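This report concerns only the one structure given below.
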Amino acid sequence: MKSDIHVCADWREVHGRPVYTLGDECPACGAAAVNSAPAPFGPEDPYGDYRRALKRRDRE
Ligand SMILES: [Zn+2]
């Protein structure tokens, strides 16, 4: 059986640091625990699109 490490989906708001678990929910707050593998964002600048969108809005 391969080990799937999950992380609390709301850890940024609730805990301020990642809370890991092997189960499907956070042991600390009960929120859903999601696979801790990196989300499929651009590897070098995950928030680039968001920042560019903000800039675009500034210009308009
Ligand atoms: Zn949690």
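By convention here, the chains of the structure tokens are called A, B, ... in the order presented, each chain's residues are numbered starting at 1, and ligands are numbered starting at 1 in the order presented.
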Taking only C-alpha atoms and all ligand atoms into account, report as a PyMOL selection string which residues have an atom no farther than 10 Å from an atom of ligand 1. chain A and resi 7-21+25-33
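Near Asp4 of chain A, within 12 Å and counting only C-alpha atoms, sit Tyr20, Thr21, Leu22, Gly23, Asp24, Ala33, Val34, Asn35, Ser36 and Ala37 of chain A; same-chain residues fewer than 6 positions away were not included.
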For the selection you just gave me, I'd like the residues written to a file as a short mmCIF file (atom, residue, chain, number, x, y, z; two decimals), in the first residue's frame, keeping C-alpha atoms.
```cif
data_model
loop_
_atom_site.label_atom_id
_atom_site.label_comp_id
_atom_site.auth_asym_id
_atom_site.auth_seq_id
_atom_site.Cartn_x
_atom_site.Cartn_y
_atom_site.Cartn_z
CA TYR A 20 -0.50 16.59 7.48
CA THR A 21 -2.50 13.43 7.91
CA LEU A 22 -2.83 10.00 6.33
CA GLY A 23 -6.61 10.18 6.54
CA ASP A 24 -9.18 12.07 4.53
CA ALA A 33 -7.51 16.77 3.73
CA VAL A 34 -6.24 16.90 0.20
CA ASN A 35 -3.35 15.19 -1.51
CA SER A 36 -0.19 17.07 -0.64
CA ALA A 37 1.32 16.68 -4.09
#
```
